[in-house]
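Below is the file work09.cif, which contains mmCIF, C-alpha atoms and all ligand atoms.
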data_start
loop_
_atom_site.group_PDB
_atom_site.id
_atom_site.type_symbol
_atom_site.label_atom_id
_atom_site.label_comp_id
_atom_site.auth_asym_id
_atom_site.auth_seq_id
_atom_site.Cartn_x
_atom_site.Cartn_y
_atom_site.Cartn_z
ATOM 1 C CA MET W 1 165.802 176.579 114.641
ATOM 2 C CA PRO W 2 166.635 176.231 118.342
ATOM 3 C CA ALA W 3 164.109 177.403 120.890
ATOM 4 C CA VAL W 4 163.841 181.163 121.313
ATOM 5 C CA ILE W 5 162.802 182.833 124.568
ATOM 6 C CA ILE W 6 160.496 185.833 124.292
ATOM 7 C CA THR W 7 162.037 187.498 127.320
ATOM 8 C CA GLU W 8 159.280 190.082 127.850
ATOM 9 C CA ARG W 9 156.888 187.216 128.571
ATOM 10 C CA CYS W 10 159.243 185.108 130.716
ATOM 11 C CA ASP W 11 158.622 185.367 134.459
ATOM 12 C CA GLY W 12 161.423 182.995 135.414
ATOM 13 C CA CYS W 13 159.168 180.198 136.665
ATOM 14 C CA GLY W 14 161.660 177.536 135.527
ATOM 15 C CA MET W 15 159.098 175.060 134.209
ATOM 16 C CA CYS W 16 160.865 174.890 130.857
ATOM 17 C CA ILE W 17 164.121 173.897 132.571
ATOM 18 C CA SER W 18 162.435 170.916 134.223
ATOM 19 C CA GLU W 19 161.087 169.735 130.879
ATOM 20 C CA CYS W 20 164.240 170.137 128.805
ATOM 21 C CA ARG W 21 165.885 166.748 128.339
ATOM 22 C CA GLY W 22 168.908 168.321 126.733
ATOM 23 C CA ASN W 23 169.724 170.563 129.699
ATOM 24 C CA ALA W 24 169.721 173.355 127.162
ATOM 25 C CA ILE W 25 167.991 176.007 129.291
ATOM 26 C CA GLN W 26 169.552 177.996 132.103
ATOM 27 C CA MET W 27 168.317 180.943 134.114
ATOM 28 C CA ASN W 28 170.095 184.189 133.340
ATOM 29 C CA ALA W 29 169.170 187.283 135.357
ATOM 30 C CA GLY W 30 165.736 185.835 136.129
ATOM 31 C CA LYS W 31 164.950 184.880 132.539
ATOM 32 C CA ALA W 32 165.278 181.565 130.737
ATOM 33 C CA ALA W 33 168.102 181.360 128.207
ATOM 34 C CA VAL W 34 168.599 178.610 125.615
ATOM 35 C CA ASN W 35 171.999 177.157 124.788
ATOM 36 C CA GLU W 36 171.604 176.757 121.041
ATOM 37 C CA MET W 37 174.366 174.151 120.907
ATOM 38 C CA LEU W 38 172.389 171.828 123.214
ATOM 39 C CA CYS W 39 168.836 172.443 121.963
ATOM 40 C CA MET W 40 167.391 169.426 120.142
ATOM 41 C CA GLU W 41 164.383 171.438 118.930
ATOM 42 C CA CYS W 42 162.010 168.976 120.582
ATOM 43 C CA GLY W 43 159.417 171.588 121.564
ATOM 44 C CA ALA W 44 158.902 170.291 125.125
ATOM 45 C CA CYS W 45 159.731 173.692 126.603
ATOM 46 C CA VAL W 46 157.205 175.383 124.338
ATOM 47 C CA ARG W 47 154.444 173.129 125.676
ATOM 48 C CA ALA W 48 155.661 173.565 129.268
ATOM 49 C CA CYS W 49 155.730 177.362 129.347
ATOM 50 C CA PRO W 50 152.600 178.815 130.973
ATOM 51 C CA ASN W 51 153.319 182.253 129.529
ATOM 52 C CA ASN W 52 153.772 181.300 125.894
ATOM 53 C CA ALA W 53 157.262 182.722 126.122
ATOM 54 C CA ILE W 54 159.090 180.137 124.000
ATOM 55 C CA ALA W 55 158.966 179.589 120.276
ATOM 56 C CA VAL W 56 160.511 176.825 118.161
ATOM 57 C CA GLU W 57 160.240 177.076 114.412
ATOM 58 C CA TRP W 58 160.518 173.831 112.516
HETATM 59 S S1 LIG W 101 163.216 172.674 122.288
HETATM 60 FE FE1 LIG W 101 163.632 170.878 123.596
HETATM 61 S S2 LIG W 101 165.872 170.746 123.727
HETATM 62 FE FE2 LIG W 101 165.372 172.801 122.972
HETATM 63 S S3 LIG W 101 165.341 174.086 124.796
HETATM 64 FE FE3 LIG W 101 163.227 173.353 124.424
HETATM 65 S S4 LIG W 101 162.979 171.494 125.647
HETATM 66 FE FE4 LIG W 101 165.186 171.939 125.485
HETATM 67 S S1 LIG W 102 158.536 178.210 131.376
HETATM 68 FE FE1 LIG W 102 158.306 180.147 130.228
HETATM 69 S S2 LIG W 102 157.989 181.716 131.798
HETATM 70 FE FE2 LIG W 102 158.831 179.898 132.831
HETATM 71 S S3 LIG W 102 161.075 180.242 132.851
HETATM 72 FE FE3 LIG W 102 160.586 179.069 131.006
HETATM 73 S S4 LIG W 102 160.325 180.613 129.382
HETATM 74 FE FE4 LIG W 102 160.182 181.656 131.344
#
Here is a file; write its structure as structure tokens.
Ligand code: SF4
Ligand code: SF4
Amino acid sequence: MPAVIITERCDGCGMCISECRGNAIQMNAGKAAVNEMLCMECGACVRACPNNAIAVEW
């Protein structure tokens, strides 16, 4: 499963974007949004998010 943003918890800090090697995350209206076609399911964004706002299910 690609990464999923829990938008209620996302404050738009952008730390996940810096960590994503696949360039799979963009900001959309102040919230992170994952491009499922580009997500490699690596989990780096999950570890980077200070608000626990990203989930990846393996
Ligand atoms: S799981 Fe990896 S590739 Fe997918 S959005 Fe997060 S950092 Fe990017
Ligand atoms: S790191 Fe978390 S809180 Fe920051 S933009 Fe990404 S999903 Fe949102």
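The residue that comes closest to ligand LIG 102 (chain W), out of W:Val34, W:Ala24, W:Cys49, W:Met40 and on the basis of only C-alpha atoms and all ligand atoms, is W:Cys49.
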Report as JSON lines: every residue of chain W with an atom at most 9 Å from ligand LIG 102 (chain W), its closest pair of atoms, and their distance in Å to one decimal, counting only C-alpha atoms and all ligand atoms, with rows sorted by chain and ascending residue number.
{"residue": "W:Val4", "atom": "CA", "partner": "W:LIG102", "partner_atom": "S4", "distance": 8.8}
{"residue": "W:Ile5", "atom": "CA", "partner": "W:LIG102", "partner_atom": "S4", "distance": 5.9}
{"residue": "W:Ile6", "atom": "CA", "partner": "W:LIG102", "partner_atom": "S4", "distance": 7.3}
{"residue": "W:Thr7", "atom": "CA", "partner": "W:LIG102", "partner_atom": "FE4", "distance": 7.3}
{"residue": "W:Arg9", "atom": "CA", "partner": "W:LIG102", "partner_atom": "S2", "distance": 6.5}
{"residue": "W:Cys10", "atom": "CA", "partner": "W:LIG102", "partner_atom": "FE4", "distance": 3.6}
{"residue": "W:Asp11", "atom": "CA", "partner": "W:LIG102", "partner_atom": "S2", "distance": 4.6}
{"residue": "W:Gly12", "atom": "CA", "partner": "W:LIG102", "partner_atom": "S3", "distance": 3.8}
{"residue": "W:Cys13", "atom": "CA", "partner": "W:LIG102", "partner_atom": "FE2", "distance": 3.9}
{"residue": "W:Gly14", "atom": "CA", "partner": "W:LIG102", "partner_atom": "S3", "distance": 3.9}
{"residue": "W:Met15", "atom": "CA", "partner": "W:LIG102", "partner_atom": "S1", "distance": 4.3}
{"residue": "W:Cys16", "atom": "CA", "partner": "W:LIG102", "partner_atom": "S1", "distance": 4.1}
{"residue": "W:Ile17", "atom": "CA", "partner": "W:LIG102", "partner_atom": "FE3", "distance": 6.5}
{"residue": "W:Ser18", "atom": "CA", "partner": "W:LIG102", "partner_atom": "S1", "distance": 8.7}
{"residue": "W:Glu19", "atom": "CA", "partner": "W:LIG102", "partner_atom": "S1", "distance": 8.9}
{"residue": "W:Ile25", "atom": "CA", "partner": "W:LIG102", "partner_atom": "FE3", "distance": 8.2}
{"residue": "W:Gln26", "atom": "CA", "partner": "W:LIG102", "partner_atom": "S3", "distance": 8.8}
{"residue": "W:Met27", "atom": "CA", "partner": "W:LIG102", "partner_atom": "S3", "distance": 7.4}
{"residue": "W:Gly30", "atom": "CA", "partner": "W:LIG102", "partner_atom": "S3", "distance": 8.0}
{"residue": "W:Lys31", "atom": "CA", "partner": "W:LIG102", "partner_atom": "FE4", "distance": 5.9}
{"residue": "W:Ala32", "atom": "CA", "partner": "W:LIG102", "partner_atom": "S3", "distance": 4.9}
{"residue": "W:Ala33", "atom": "CA", "partner": "W:LIG102", "partner_atom": "S4", "distance": 7.9}
{"residue": "W:Cys45", "atom": "CA", "partner": "W:LIG102", "partner_atom": "S1", "distance": 6.7}
{"residue": "W:Val46", "atom": "CA", "partner": "W:LIG102", "partner_atom": "FE1", "distance": 7.7}
{"residue": "W:Arg47", "atom": "CA", "partner": "W:LIG102", "partner_atom": "S1", "distance": 8.7}
{"residue": "W:Ala48", "atom": "CA", "partner": "W:LIG102", "partner_atom": "S1", "distance": 5.9}
{"residue": "W:Cys49", "atom": "CA", "partner": "W:LIG102", "partner_atom": "S1", "distance": 3.6}
{"residue": "W:Pro50", "atom": "CA", "partner": "W:LIG102", "partner_atom": "FE1", "distance": 5.9}
{"residue": "W:Asn51", "atom": "CA", "partner": "W:LIG102", "partner_atom": "S2", "distance": 5.2}
{"residue": "W:Asn52", "atom": "CA", "partner": "W:LIG102", "partner_atom": "FE1", "distance": 6.4}
{"residue": "W:Ala53", "atom": "CA", "partner": "W:LIG102", "partner_atom": "S4", "distance": 4.9}
{"residue": "W:Ile54", "atom": "CA", "partner": "W:LIG102", "partner_atom": "S4", "distance": 5.5}
inquiry  = Going by the chain IDs and residue numbers used in this file, which residues fall under the PyMOL selection byres (((chain W and resi 56) around 7) and not hetatm)? Write them as a count of residues only.
reply    = 10
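Note that atom CA of W:Ala44 and atom CA of W:Asn23 are 11.8 Å apart.
Computed from the coordinates, the atom S1 of ligand LIG 101 (chain W) to atom CA of W:Met37 distance equals 11.3 Å.
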Report the centre and edge lengths, in Å to one decimal, of an axis-aligned box enclosing every atom of ligand LIG 101 (chain W) listed in the file, padded by 4 Å on each side, as AutoDock Vina command-line options.
--center_x 164.4 --center_y 172.4 --center_z 124.0 --size_x 10.9 --size_y 11.3 --size_z 11.4
